[in-house]
$ cat structure.txt   # compact mmCIF, C-alpha atoms
# COMPACT_ATOMS: atom_id res chain seq x y z
CA MET A 245 -27.48 17.11 -18.80
CA ASN A 246 -28.24 13.38 -19.18
CA ILE A 247 -29.71 11.62 -22.21
CA LYS A 248 -33.21 11.46 -20.70
CA THR A 249 -33.22 15.23 -20.14
CA TYR A 250 -31.94 15.86 -23.68
CA SER A 251 -34.67 13.59 -25.07
CA ARG A 252 -37.44 15.35 -23.15
CA LEU A 253 -36.10 18.76 -24.13
CA PHE A 254 -35.97 17.74 -27.78
CA THR A 255 -39.55 16.50 -27.66
CA LEU A 256 -40.68 19.72 -26.01
CA ILE A 257 -38.97 21.78 -28.72
CA GLN A 258 -40.75 19.69 -31.35
CA VAL A 259 -44.13 20.35 -29.75
CA ILE A 260 -43.43 24.09 -29.47
CA ILE A 261 -42.47 24.26 -33.15
CA PHE A 262 -45.47 22.10 -34.05
CA SER A 263 -47.89 24.35 -32.13
CA SER A 264 -46.23 27.48 -33.53
CA LEU A 265 -46.72 26.32 -37.10
CA PHE A 266 -50.42 25.70 -36.51
CA ALA A 267 -50.78 29.08 -34.82
CA GLN A 268 -49.23 30.79 -37.84
CA GLU A 269 -51.69 29.08 -40.13
CA GLY A 270 -54.65 29.83 -37.87
CA GLU A 271 -55.19 26.11 -37.35
CA HIS A 272 -54.67 23.60 -34.59
CA PRO A 273 -54.74 19.81 -34.46
CA LYS A 274 -58.17 18.36 -33.87
CA PRO A 275 -57.57 15.25 -31.76
CA ASN A 276 -60.15 12.51 -32.18
CA PRO A 277 -60.51 9.43 -29.97
CA LEU A 278 -58.95 6.22 -31.22
CA LYS A 279 -61.24 3.96 -33.22
CA ILE A 280 -62.41 0.63 -31.85
CA GLY A 281 -59.87 -2.03 -32.79
CA ALA A 282 -56.95 0.41 -32.93
CA GLU A 283 -53.70 -0.53 -31.21
CA ALA A 284 -52.75 1.25 -28.02
CA PRO A 285 -50.12 3.91 -28.83
CA ASP A 286 -46.92 3.63 -26.85
CA PHE A 287 -45.90 6.32 -24.40
CA LYS A 288 -43.15 7.23 -21.97
CA LEU A 289 -44.48 9.38 -19.16
CA PRO A 290 -43.43 10.36 -15.64
CA GLY A 291 -45.58 9.22 -12.76
CA VAL A 292 -46.21 11.08 -9.53
CA ASP A 293 -44.37 8.26 -7.73
CA GLY A 294 -41.08 9.26 -9.38
CA LYS A 295 -41.09 6.35 -11.86
CA GLU A 296 -41.32 6.54 -15.64
CA TYR A 297 -43.93 4.37 -17.36
CA THR A 298 -44.31 2.91 -20.84
CA LEU A 299 -47.03 0.77 -22.39
CA SER A 300 -44.90 -2.36 -21.99
CA ASP A 301 -44.87 -1.96 -18.19
CA PHE A 302 -48.41 -3.31 -18.15
CA SER A 303 -48.01 -6.10 -20.74
CA GLU A 304 -48.84 -8.94 -18.33
CA LYS A 305 -52.36 -7.70 -17.68
CA GLU A 306 -55.35 -9.08 -19.58
CA ALA A 307 -57.00 -5.69 -19.72
CA LEU A 308 -55.59 -2.16 -19.66
CA VAL A 309 -57.75 0.80 -18.70
CA ILE A 310 -56.31 4.22 -19.53
CA ILE A 311 -58.35 7.11 -18.17
CA PHE A 312 -57.50 10.68 -19.13
CA SER A 313 -58.34 12.86 -16.16
CA CYS A 314 -56.94 15.79 -14.17
CA ASN A 315 -56.91 17.65 -10.87
CA HIS A 316 -59.02 20.75 -11.44
CA CYS A 317 -62.10 19.62 -13.36
CA PRO A 318 -65.20 19.23 -11.13
CA THR A 319 -66.38 16.26 -13.19
CA ALA A 320 -62.98 14.58 -12.86
CA GLN A 321 -63.11 15.13 -9.10
CA ALA A 322 -66.63 13.71 -9.00
CA TYR A 323 -65.33 10.47 -10.53
CA GLU A 324 -62.10 10.31 -8.52
CA ASP A 325 -63.34 7.95 -5.81
CA ARG A 326 -64.99 5.74 -8.44
CA ILE A 327 -61.65 5.29 -10.19
CA ILE A 328 -60.00 4.41 -6.88
CA GLN A 329 -62.74 1.86 -6.13
CA LEU A 330 -62.58 0.42 -9.65
CA THR A 331 -58.84 -0.13 -9.27
CA GLU A 332 -59.35 -1.81 -5.90
CA ASP A 333 -62.12 -4.09 -7.16
CA TYR A 334 -60.13 -5.34 -10.15
CA LYS A 335 -56.64 -5.49 -8.67
CA GLY A 336 -56.68 -9.31 -8.45
CA LYS A 337 -58.31 -9.83 -11.86
CA SER A 338 -55.45 -9.01 -14.24
CA VAL A 339 -56.71 -5.49 -14.90
CA GLN A 340 -54.44 -2.44 -14.86
CA VAL A 341 -55.87 1.04 -14.38
CA VAL A 342 -53.69 3.98 -15.45
CA VAL A 343 -54.68 7.65 -15.23
CA ILE A 344 -53.01 10.24 -17.47
CA SER A 345 -53.38 13.99 -17.05
CA PRO A 346 -53.39 15.47 -20.58
CA ASN A 347 -53.70 19.14 -19.63
CA ALA A 348 -51.05 21.79 -20.31
CA PRO A 349 -50.93 23.76 -17.03
CA ASN A 350 -50.26 27.06 -18.82
CA ALA A 351 -53.53 26.68 -20.73
CA VAL A 352 -55.66 26.51 -17.58
CA ALA A 353 -57.05 29.93 -16.63
CA LEU A 354 -57.49 30.86 -12.97
CA GLY A 355 -61.21 31.22 -13.56
CA GLU A 356 -61.34 27.53 -14.51
CA LEU A 357 -60.05 26.53 -11.06
CA GLY A 358 -63.17 27.60 -9.19
CA TYR A 359 -63.99 24.04 -8.12
CA SER A 360 -60.49 23.07 -7.08
CA ASP A 361 -57.68 23.85 -4.69
CA LEU A 362 -55.07 22.67 -7.20
CA GLY A 363 -54.07 23.24 -10.80
CA ASP A 364 -52.78 20.65 -13.25
CA SER A 365 -49.02 21.01 -12.79
CA PHE A 366 -46.96 17.90 -12.06
CA LYS A 367 -46.33 19.17 -8.53
CA ASP A 368 -50.05 19.64 -7.97
CA MET A 369 -50.68 16.13 -9.30
CA GLN A 370 -48.25 14.76 -6.72
CA THR A 371 -50.08 16.66 -3.99
CA ARG A 372 -53.49 15.36 -5.05
CA ALA A 373 -52.28 11.76 -5.44
CA LYS A 374 -50.77 11.79 -1.95
CA GLU A 375 -53.83 13.39 -0.38
CA LYS A 376 -56.25 10.91 -1.97
CA ASN A 377 -53.89 7.94 -1.65
CA TYR A 378 -54.17 6.99 -5.33
CA ASN A 379 -53.81 3.24 -5.93
CA PHE A 380 -53.04 3.58 -9.64
CA PRO A 381 -50.21 5.17 -11.65
CA TYR A 382 -50.95 8.85 -12.23
CA LEU A 383 -48.96 10.06 -15.23
CA TYR A 384 -48.19 13.55 -16.50
CA ASP A 385 -48.50 14.41 -20.19
CA GLY A 386 -48.92 18.16 -19.80
CA GLU A 387 -45.39 18.97 -20.89
CA THR A 388 -45.58 17.71 -24.48
CA GLN A 389 -49.10 16.20 -24.74
CA GLU A 390 -47.57 13.73 -27.16
CA ALA A 391 -49.41 10.68 -25.78
CA SER A 392 -52.70 12.55 -25.44
CA LEU A 393 -52.59 13.66 -29.07
CA LYS A 394 -52.26 10.00 -30.08
CA TYR A 395 -55.17 8.77 -27.95
CA GLY A 396 -57.39 11.79 -28.56
CA PRO A 397 -59.34 12.29 -25.31
CA ILE A 398 -62.13 14.84 -25.63
CA ALA A 399 -62.88 15.59 -22.00
CA THR A 400 -61.86 14.66 -18.47
CA PRO A 401 -62.50 11.93 -17.53
CA HIS A 402 -62.35 9.88 -20.75
CA ALA A 403 -61.77 6.10 -20.56
CA PHE A 404 -59.99 3.85 -23.07
CA LEU A 405 -60.12 0.06 -22.53
CA PHE A 406 -57.71 -2.28 -24.32
CA ASN A 407 -57.76 -6.08 -24.43
CA LYS A 408 -54.82 -8.47 -24.05
CA GLU A 409 -53.67 -7.74 -27.61
CA ARG A 410 -53.92 -4.05 -26.74
CA LYS A 411 -56.70 -3.43 -29.21
CA LEU A 412 -59.20 -0.76 -28.22
CA SER A 413 -62.38 -2.48 -27.01
CA TYR A 414 -64.23 0.40 -25.35
CA VAL A 415 -64.00 4.18 -25.32
CA GLY A 416 -66.12 6.74 -23.52
CA ARG A 417 -67.60 7.41 -20.09
CA LEU A 418 -67.24 5.55 -16.83
CA ASP A 419 -70.97 5.81 -16.22
CA GLY A 420 -73.85 8.14 -16.96
CA SER A 421 -74.26 9.88 -13.59
CA GLU A 422 -71.82 12.56 -12.51
CA LYS A 423 -73.05 13.06 -8.94
CA PRO A 424 -70.80 11.24 -6.44
CA GLY A 425 -72.51 8.25 -4.89
CA SER A 426 -75.08 7.96 -7.67
CA ALA A 427 -73.20 5.43 -9.82
CA ASN A 428 -70.16 3.15 -9.78
CA ALA A 429 -68.57 3.18 -13.28
CA GLU A 430 -71.11 0.65 -14.56
CA ASP A 431 -70.41 1.25 -18.27
CA LEU A 432 -66.67 0.77 -17.87
CA ARG A 433 -67.09 -2.21 -15.52
CA SER A 434 -69.38 -3.94 -18.01
CA ALA A 435 -66.80 -3.43 -20.76
CA ILE A 436 -63.97 -4.73 -18.56
CA ASN A 437 -65.97 -7.84 -17.67
CA ALA A 438 -66.63 -8.52 -21.36
CA VAL A 439 -62.92 -8.20 -22.21
CA LEU A 440 -61.94 -10.54 -19.36
CA ALA A 441 -64.46 -13.08 -20.65
CA ASN A 442 -63.09 -12.73 -24.20
CA LYS A 443 -66.44 -11.37 -25.34
CA LYS A 444 -67.29 -8.42 -27.53
CA VAL A 445 -68.29 -5.29 -25.65
CA SER A 446 -72.00 -4.78 -26.32
CA ASN A 447 -71.80 -0.98 -26.33
CA PRO A 448 -68.18 -0.15 -27.23
CA ILE A 449 -68.57 3.61 -27.79
CA THR A 450 -70.23 6.05 -25.42
CA LYS A 451 -70.14 9.82 -25.20
CA THR A 452 -68.26 11.38 -22.33
CA PHE A 453 -69.06 14.48 -20.31
CA GLY A 454 -66.55 16.70 -18.54
CA CYS A 455 -64.10 19.59 -18.91
CA SER A 456 -62.47 19.89 -22.31
CA VAL A 457 -58.81 18.91 -22.56
CA LYS A 458 -56.58 21.94 -22.13
CA TRP A 459 -54.34 21.68 -25.18
CA ALA A 460 -51.25 23.89 -25.13
CA TRP A 461 -52.53 26.16 -27.90
CA LYS A 462 -55.63 26.97 -25.84
CA ASN A 463 -53.56 29.36 -23.72
CA GLU A 464 -54.83 32.11 -26.06
CA TRP A 465 -58.04 32.08 -23.99
CA LYS A 466 -56.03 32.39 -20.77
CA LYS A 467 -54.08 35.34 -22.18
CA LYS A 468 -57.30 37.14 -23.09
CA LEU A 469 -58.66 36.65 -19.57
CA ASP A 470 -55.42 37.96 -18.05
CA GLU A 471 -55.58 41.02 -20.29
CA ASN A 472 -59.19 41.63 -19.29
CA TRP A 473 -58.36 41.43 -15.58
CA ALA A 474 -55.43 43.82 -16.01
CA GLN A 475 -57.80 46.43 -17.45
CA GLN A 476 -60.38 46.29 -14.66
CA GLU A 477 -60.73 49.33 -12.43
CA VAL A 478 -59.11 49.19 -8.99
CA THR A 479 -60.89 51.12 -6.25
CA LEU A 480 -60.18 51.96 -2.61
CA ASN A 481 -62.71 53.17 -0.04
CA GLU A 482 -62.29 54.15 3.59
CA ILE A 483 -63.92 52.04 6.29
CA SER A 484 -64.70 52.68 9.96
CA PRO A 485 -64.60 50.22 12.87
CA GLU A 486 -68.38 49.82 12.58
CA GLY A 487 -68.05 49.14 8.87
CA ILE A 488 -65.49 46.43 9.60
CA LYS A 489 -67.76 44.84 12.19
CA GLN A 490 -70.47 44.63 9.56
CA LEU A 491 -68.04 42.90 7.19
CA ILE A 492 -67.23 40.35 9.89
CA LYS A 493 -70.94 39.72 10.55
CA ASN A 494 -71.16 38.74 6.88
CA ASP A 495 -74.87 39.13 6.33
CA THR A 496 -74.55 37.58 2.86
CA ASP A 497 -74.77 34.12 1.35
CA LYS A 498 -71.07 34.21 0.40
CA LEU A 499 -67.92 32.86 1.96
CA ARG A 500 -65.81 35.94 2.72
CA LEU A 501 -61.99 36.04 2.78
CA ILE A 502 -60.58 39.14 4.52
CA ASN A 503 -56.92 40.13 4.51
CA VAL A 504 -55.49 42.96 6.64
CA TRP A 505 -52.25 44.31 5.17
CA ALA A 506 -50.13 47.45 4.76
CA THR A 507 -47.86 48.85 2.07
CA TRP A 508 -44.96 49.05 4.56
CA CYS A 509 -45.33 45.35 5.51
CA GLY A 510 -42.98 43.29 3.33
CA PRO A 511 -44.67 39.90 3.87
CA CYS A 512 -48.06 41.52 3.22
CA VAL A 513 -47.01 42.84 -0.17
CA MET A 514 -45.24 39.62 -1.10
CA GLU A 515 -48.26 37.41 -0.45
CA PHE A 516 -50.93 39.80 -1.77
CA PRO A 517 -50.78 38.45 -5.35
CA GLU A 518 -51.89 35.09 -3.93
CA PHE A 519 -55.10 36.73 -2.78
CA VAL A 520 -55.62 38.25 -6.22
CA ASP A 521 -55.27 34.76 -7.71
CA ILE A 522 -57.67 33.30 -5.15
CA HIS A 523 -60.18 36.04 -5.98
CA ARG A 524 -59.92 35.22 -9.68
CA MET A 525 -60.32 31.50 -9.00
CA TYR A 526 -63.49 31.70 -6.93
CA MET A 527 -65.10 35.03 -7.89
CA GLU A 528 -67.83 33.28 -9.92
CA ARG A 529 -68.77 31.13 -6.92
CA ASP A 530 -70.44 32.19 -3.64
CA PHE A 531 -67.21 33.83 -2.55
CA GLU A 532 -65.68 37.27 -2.17
CA PHE A 533 -62.26 38.61 -1.22
CA ILE A 534 -61.87 41.84 0.75
CA SER A 535 -58.64 43.66 1.60
CA ILE A 536 -58.27 46.16 4.43
CA SER A 537 -55.18 48.36 4.53
CA ALA A 538 -53.79 49.37 7.93
CA ASP A 539 -51.89 52.30 6.39
CA LYS A 540 -52.54 55.77 7.71
CA PRO A 541 -55.57 57.48 6.12
CA GLU A 542 -53.35 60.14 4.50
CA LYS A 543 -51.56 57.36 2.57
CA LYS A 544 -54.61 56.59 0.46
CA GLU A 545 -52.98 57.49 -2.86
CA LYS A 546 -49.98 55.29 -2.07
CA VAL A 547 -52.20 52.35 -1.11
CA LEU A 548 -54.31 52.73 -4.27
CA ALA A 549 -51.19 52.88 -6.44
CA LYS A 550 -49.89 49.65 -4.88
CA LEU A 551 -53.24 47.94 -5.42
CA GLU A 552 -53.27 49.07 -9.05
CA ARG A 553 -49.81 47.61 -9.64
CA MET A 554 -51.07 44.32 -8.23
CA GLU A 555 -54.19 44.46 -10.43
CA ALA A 556 -56.36 44.07 -7.33
CA ALA A 557 -59.80 44.71 -8.82
CA THR A 558 -61.37 43.48 -5.58
CA GLN A 559 -63.18 45.06 -2.63
CA ASN A 560 -60.43 47.21 -1.09
CA TYR A 561 -60.68 49.32 2.03
CA LEU A 562 -58.42 51.67 4.00
CA PHE A 563 -58.98 51.91 7.75
CA SER A 564 -60.24 55.43 8.41
CA LEU A 565 -58.71 56.00 11.87
CA GLU A 566 -55.18 56.43 13.21
CA ASP A 567 -55.93 54.19 16.21
CA LYS A 568 -54.93 50.71 15.05
CA TYR A 569 -56.19 49.10 18.23
CA GLN A 570 -59.72 49.90 17.15
CA LEU A 571 -58.91 48.08 13.91
CA ILE A 572 -57.70 45.02 15.85
CA GLU A 573 -60.80 44.88 18.05
CA ALA A 574 -63.12 45.34 15.08
CA ILE A 575 -61.53 42.51 13.11
CA ASP A 576 -61.10 39.71 15.65
CA GLU A 577 -60.59 39.67 19.41
CA ASN A 578 -58.15 36.78 18.98
CA TRP A 579 -55.87 38.78 16.69
CA GLN A 580 -52.72 39.96 18.48
CA GLY A 581 -52.08 42.76 16.00
CA ALA A 582 -49.25 41.45 13.81
CA LEU A 583 -49.53 41.86 10.04
CA PRO A 584 -50.59 40.33 7.78
CA TYR A 585 -53.77 38.89 9.26
CA THR A 586 -56.26 36.78 7.33
CA ILE A 587 -59.66 35.34 8.20
CA LEU A 588 -62.20 33.27 6.31
CA VAL A 589 -65.74 34.10 7.43
CA GLU A 590 -68.85 32.05 6.76
CA PRO A 591 -72.26 33.67 6.20
CA GLY A 592 -73.49 34.64 9.66
CA GLY A 593 -70.04 35.59 10.96
CA LYS A 594 -68.46 32.29 11.97
CA ILE A 595 -64.68 32.48 11.46
CA LEU A 596 -63.71 29.31 9.63
CA TYR A 597 -59.99 30.07 9.38
CA SER A 598 -57.60 32.64 10.79
CA GLN A 599 -53.90 33.20 10.25
CA GLN A 600 -51.56 35.75 11.81
CA GLY A 601 -48.62 35.99 9.43
CA THR A 602 -48.42 34.80 5.84
CA ILE A 603 -50.86 32.18 4.61
CA ASN A 604 -50.27 28.75 3.11
CA PRO A 605 -52.11 29.27 -0.23
CA TYR A 606 -52.94 25.59 -0.68
CA GLU A 607 -54.30 25.31 2.86
CA ILE A 608 -56.64 28.24 2.43
CA LYS A 609 -57.79 27.12 -1.05
CA LYS A 610 -58.59 23.73 0.43
CA LYS A 611 -60.61 25.41 3.19
CA ILE A 612 -62.51 27.39 0.59
CA VAL A 613 -63.29 24.60 -1.84
CA GLU A 614 -64.27 22.14 0.88
CA SER A 615 -66.62 24.63 2.52
CA LYS A 616 -70.31 23.74 2.26
CA TYR A 617 -70.81 27.11 0.56
CA ILE A 618 -68.46 26.29 -2.33
CA GLY A 619 -67.73 22.59 -2.98
CA ARG A 620 -65.83 20.63 -5.62
CA TYR A 621 -68.77 19.54 -7.76
CA TYR A 622 -71.64 21.06 -9.71
$ encode --input "structure.txt" --output "structure tokens"
Amino acid sequence: MNIKTYSRLFTLIQVIIFSSLFAQEGEHPKPNPLKIGAEAPDFKLPGVDGKEYTLSDFSEKEALVIIFSCNHCPTAQAYEDRIIQLTEDYKGKSVQVVVISPNAPNAVALGELGYSDLGDSFKDMQTRAKEKNYNFPYLYDGETQEASLKYGPIATPHAFLFNKERKLSYVGRLDGSEKPGSANAEDLRSAINAVLANKKVSNPITKTFGCSVKWAWKNEWKKKLDENWAQQEVTLNEISPEGIKQLIKNDTDKLRLINVWATWCGPCVMEFPEFVDIHRMYMERDFEFISISADKPEKKEKVLAKLERMEAATQNYLFSLEDKYQLIEAIDENWQGALPYTILVEPGGKILYSQQGTINPYEIKKKIVESKYIGRYY
């Protein structure tokens, strides 16, 4: 174990002890944004590009913009392209834009991911940065949240602008309109222009709107949700070929994910928890997950027991006939019959996605969240 690893481990232990002490006392830190004129706190954080960054890495720039944002928040996603454009517009003007994710991944509940295909882990940050071709350093503070506690962001996104002396000159929103295409970070741009002109920012403090920062001690909420889901009733009903055809027609206003599986199918059972997670992510949106077991009808008790162990409080069906070819024809004429089989069906019956064999969870989440029936924004 090298010195860097020891140092990070030691810091993590400190944060765990720190959070534990507050939990014992029934209290938690209450981070507040830095005051105007305060010095920029130093940090040492890993970037998605494999480099490690400190405050001094940006010392040559006249202005430093630090934006606390994340992957999963719909508001953060709504401002994503604006941050990319801001970085592009000021890249030749001695301005550095840095984005820090403050969220502790273990404090983000599945139900909070309903507008995203990704969580806030470092790996997920790397995926998002690559997909969107980020042109700014994207740093991870979710492990210790040490830097975030010093800066005190309230929501994502939350912008902090520092002048050449690294004194805070502006803190707050990028602009006042969340809807993509309706604004272009006017408040932050105005502040940057004032700093570059060595002028005082006319409106140095603005309120910011977005998802609250997921501090590590907020995982109590996630635990309560997990406990609630574990207690929900799991049901299993039989379904005929005609019933399946009606499911495929999808005469609803919801995007419908259907998985055909069996208890004797190893890959089916291994991937099934992914579908439970997907259900929990999007269940509050215009979305529903349905499972159909290809087990024999007399195996109903065994199928139900397996579903209960997997906490699958979803719409679950057992094919009512022995003839599995009728199941195949009822589901999809393009299905060759191998399990598992998964389809994503739009309202009206159009199959948006189909997969024979195990799914790629990220691929299917992306299909869901980018569907016109779901979407990434409010």
$ closest_residue --input "structure.txt" --among "A:Cys455, A:Ile492, A:Leu480, A:Leu308" --to "Thr400 of chain A" --atoms "all atoms listed in the file"
A:Cys455
$ residues_around --input "structure.txt" --residues "segment 497-508 of chain A" --least-positions-apart "6" --cutoff "8 Å" --atoms "all atoms listed in the file" --output "PyMOL selection string"
chain A and resi 530-539+546-547+550+583-591+612+617-618
$ closest_atom_pairs --input "structure.txt" --of "segment 268-352 of chain A" --to "segment 407-430 of chain A" --cutoff "8 Å" --atoms "only C-alpha atoms" --output "JSON lines"
{"residue": "A:Pro277", "atom": "CA", "partner": "A:Val415", "partner_atom": "CA", "distance": 7.8}
{"residue": "A:Leu278", "atom": "CA", "partner": "A:Leu412", "partner_atom": "CA", "distance": 7.6}
{"residue": "A:Lys279", "atom": "CA", "partner": "A:Leu412", "partner_atom": "CA", "distance": 7.2}
{"residue": "A:Ile280", "atom": "CA", "partner": "A:Leu412", "partner_atom": "CA", "distance": 5.0}
{"residue": "A:Gly281", "atom": "CA", "partner": "A:Leu412", "partner_atom": "CA", "distance": 4.8}
{"residue": "A:Ala282", "atom": "CA", "partner": "A:Leu412", "partner_atom": "CA", "distance": 5.3}
{"residue": "A:Glu283", "atom": "CA", "partner": "A:Lys411", "partner_atom": "CA", "distance": 4.6}
{"residue": "A:Ala284", "atom": "CA", "partner": "A:Arg410", "partner_atom": "CA", "distance": 5.6}
{"residue": "A:Ser303", "atom": "CA", "partner": "A:Lys408", "partner_atom": "CA", "distance": 7.9}
{"residue": "A:Lys305", "atom": "CA", "partner": "A:Lys408", "partner_atom": "CA", "distance": 6.9}
{"residue": "A:Glu306", "atom": "CA", "partner": "A:Lys408", "partner_atom": "CA", "distance": 4.5}
{"residue": "A:Ala307", "atom": "CA", "partner": "A:Asn407", "partner_atom": "CA", "distance": 4.8}
{"residue": "A:Leu308", "atom": "CA", "partner": "A:Asn407", "partner_atom": "CA", "distance": 6.5}
{"residue": "A:Thr319", "atom": "CA", "partner": "A:Glu422", "partner_atom": "CA", "distance": 6.6}
{"residue": "A:Ala322", "atom": "CA", "partner": "A:Pro424", "partner_atom": "CA", "distance": 5.5}
{"residue": "A:Tyr323", "atom": "CA", "partner": "A:Pro424", "partner_atom": "CA", "distance": 6.9}
{"residue": "A:Arg326", "atom": "CA", "partner": "A:Asn428", "partner_atom": "CA", "distance": 5.9}
{"residue": "A:Ile327", "atom": "CA", "partner": "A:Ala429", "partner_atom": "CA", "distance": 7.9}
{"residue": "A:Leu330", "atom": "CA", "partner": "A:Ala429", "partner_atom": "CA", "distance": 7.5}
$ atom_distance --input "structure.txt" --atom1 "atom CA of Ala556 of chain A" --atom2 "atom CA of Val478 of chain A"
6.0 Å
$ residues_around --input "structure.txt" --residues "Ala441 of chain A" --least-positions-apart "2" --cutoff "12 Å" --atoms "only C-alpha atoms" --output "ChimeraX atom specification"
/A:306-307,337-338,407-408,434-439,443-445
$ atom_distance --input "structure.txt" --atom1 "atom CA of Asn315 of chain A" --atom2 "atom CA of Asp364 of chain A"
5.6 Å
$ closest_residue --input "structure.txt" --among "A:Trp579, A:Phe287, A:Phe453, A:Trp473" --to "Cys317 of chain A" --atoms "only C-alpha atoms"
A:Phe453
$ residues_around --input "structure.txt" --residues "Glu515 of chain A" --least-positions-apart "4" --cutoff "8 Å" --atoms "all atoms listed in the file" --output "PyMOL selection string"
chain A and resi 511+519+602-603
$ write_last_selection --input "structure.txt" --atoms "C-alpha atoms" --output "PDB file, in the frame of the given file"
ATOM      1  CA  PRO A 511     -44.670  39.900   3.870  1.00  0.00           C
ATOM      2  CA  PHE A 519     -55.100  36.730  -2.780  1.00  0.00           C
ATOM      3  CA  THR A 602     -48.420  34.800   5.840  1.00  0.00           C
ATOM      4  CA  ILE A 603     -50.860  32.180   4.610  1.00  0.00           C
TER       5      ILE A 603
END
$ closest_residue --input "structure.txt" --among "A:Cys314, A:Leu393, A:Leu432, A:Ile488" --to "Glu573 of chain A" --atoms "all atoms listed in the file"
A:Ile488
$ closest_atom_pairs --input "structure.txt" --of "segment 355-423 of chain A" --to "segment 339-345 of chain A" --cutoff "6 Å" --atoms "all atoms listed in the file" --output "JSON lines"
{"residue": "A:Phe380", "atom": "CA", "partner": "A:Val342", "partner_atom": "CA", "distance": 5.9}
{"residue": "A:Pro381", "atom": "CA", "partner": "A:Val342", "partner_atom": "CA", "distance": 5.3}
{"residue": "A:Tyr382", "atom": "CA", "partner": "A:Val343", "partner_atom": "CA", "distance": 4.9}
{"residue": "A:Leu383", "atom": "CA", "partner": "A:Ile344", "partner_atom": "CA", "distance": 4.6}
{"residue": "A:Tyr384", "atom": "CA", "partner": "A:Ser345", "partner_atom": "CA", "distance": 5.2}
{"residue": "A:Asp385", "atom": "CA", "partner": "A:Ser345", "partner_atom": "CA", "distance": 5.8}
$ residues_around --input "structure.txt" --residues "Met554 of chain A" --least-positions-apart "4" --cutoff "10 Å" --atoms "all atoms listed in the file" --output "number ranges by chain"
A: 474, 478, 513, 516-517, 520, 548-550
$ closest_residue --input "structure.txt" --among "A:Thr388, A:Asn350, A:Ser456, A:Ser365" --to "Phe312 of chain A" --atoms "all atoms listed in the file"
A:Ser456
$ closest_residue --input "structure.txt" --among "A:Tyr359, A:Phe563, A:Tyr334, A:Tyr378" --to "His316 of chain A" --atoms "only C-alpha atoms"
A:Tyr359
$ atom_distance --input "structure.txt" --atom1 "atom CA of Gln580 of chain A" --atom2 "atom CA of Asp521 of chain A"
26.8 Å
$ closest_residue --input "structure.txt" --among "A:Leu562, A:Leu405, A:Thr479, A:Gly619" --to "Gln321 of chain A" --atoms "only C-alpha atoms"
A:Gly619
$ residues_around --input "structure.txt" --residues "Glu607 of chain A" --least-positions-apart "6" --cutoff "12 Å" --atoms "all atoms listed in the file" --output "list in words"
Ser360, Asp361, Leu362, Thr371, Ile522, Leu588, Tyr597, Ser598, Gln599, Val613 and Glu614 of chain A
$ residues_near_point --input "structure.txt" --point "(-49.7, 25.0, -19.1)" --cutoff "9 Å" --atoms "only C-alpha atoms" --output "PDB file with C-alpha atoms, keeping the file's coordinate frame"
ATOM      1  CA  ASN A 347     -53.700  19.140 -19.630  1.00  0.00           C
ATOM      2  CA  ALA A 348     -51.050  21.790 -20.310  1.00  0.00           C
ATOM      3  CA  PRO A 349     -50.930  23.760 -17.030  1.00  0.00           C
ATOM      4  CA  ASN A 350     -50.260  27.060 -18.820  1.00  0.00           C
ATOM      5  CA  ALA A 351     -53.530  26.680 -20.730  1.00  0.00           C
ATOM      6  CA  VAL A 352     -55.660  26.510 -17.580  1.00  0.00           C
ATOM      7  CA  ASP A 364     -52.780  20.650 -13.250  1.00  0.00           C
ATOM      8  CA  SER A 365     -49.020  21.010 -12.790  1.00  0.00           C
ATOM      9  CA  GLY A 386     -48.920  18.160 -19.800  1.00  0.00           C
ATOM     10  CA  GLU A 387     -45.390  18.970 -20.890  1.00  0.00           C
ATOM     11  CA  LYS A 458     -56.580  21.940 -22.130  1.00  0.00           C
ATOM     12  CA  TRP A 459     -54.340  21.680 -25.180  1.00  0.00           C
ATOM     13  CA  ALA A 460     -51.250  23.890 -25.130  1.00  0.00           C
ATOM     14  CA  ASN A 463     -53.560  29.360 -23.720  1.00  0.00           C
TER      15      ASN A 463
END
$ decode --input "structure.txt" --residues "segment 328-334 of chain A" --atoms "N, CA and C atoms" --output "PDB file, in the first residue's frame"
ATOM      1  N   ILE A 328     -20.792  23.001 -20.137  1.00  0.00           N
ATOM      2  CA  ILE A 328     -19.875  22.683 -21.240  1.00  0.00           C
ATOM      3  C   ILE A 328     -19.684  23.912 -22.130  1.00  0.00           C
ATOM      4  N   GLN A 329     -20.773  24.600 -22.461  1.00  0.00           N
ATOM      5  CA  GLN A 329     -20.687  25.788 -23.318  1.00  0.00           C
ATOM      6  C   GLN A 329     -19.963  26.926 -22.615  1.00  0.00           C
ATOM      7  N   LEU A 330     -20.208  27.098 -21.337  1.00  0.00           N
ATOM      8  CA  LEU A 330     -19.511  28.129 -20.554  1.00  0.00           C
ATOM      9  C   LEU A 330     -18.010  27.898 -20.598  1.00  0.00           C
ATOM     10  N   THR A 331     -17.593  26.662 -20.394  1.00  0.00           N
ATOM     11  CA  THR A 331     -16.169  26.320 -20.428  1.00  0.00           C
ATOM     12  C   THR A 331     -15.569  26.627 -21.791  1.00  0.00           C
ATOM     13  N   GLU A 332     -16.295  26.278 -22.837  1.00  0.00           N
ATOM     14  CA  GLU A 332     -15.818  26.527 -24.202  1.00  0.00           C
ATOM     15  C   GLU A 332     -15.692  28.021 -24.481  1.00  0.00           C
ATOM     16  N   ASP A 333     -16.677  28.804 -24.054  1.00  0.00           N
ATOM     17  CA  ASP A 333     -16.684  30.236 -24.337  1.00  0.00           C
ATOM     18  C   ASP A 333     -15.587  31.002 -23.614  1.00  0.00           C
ATOM     19  N   TYR A 334     -15.148  30.492 -22.460  1.00  0.00           N
ATOM     20  CA  TYR A 334     -14.150  31.223 -21.671  1.00  0.00           C
ATOM     21  C   TYR A 334     -12.770  30.568 -21.676  1.00  0.00           C
TER      22      TYR A 334
END
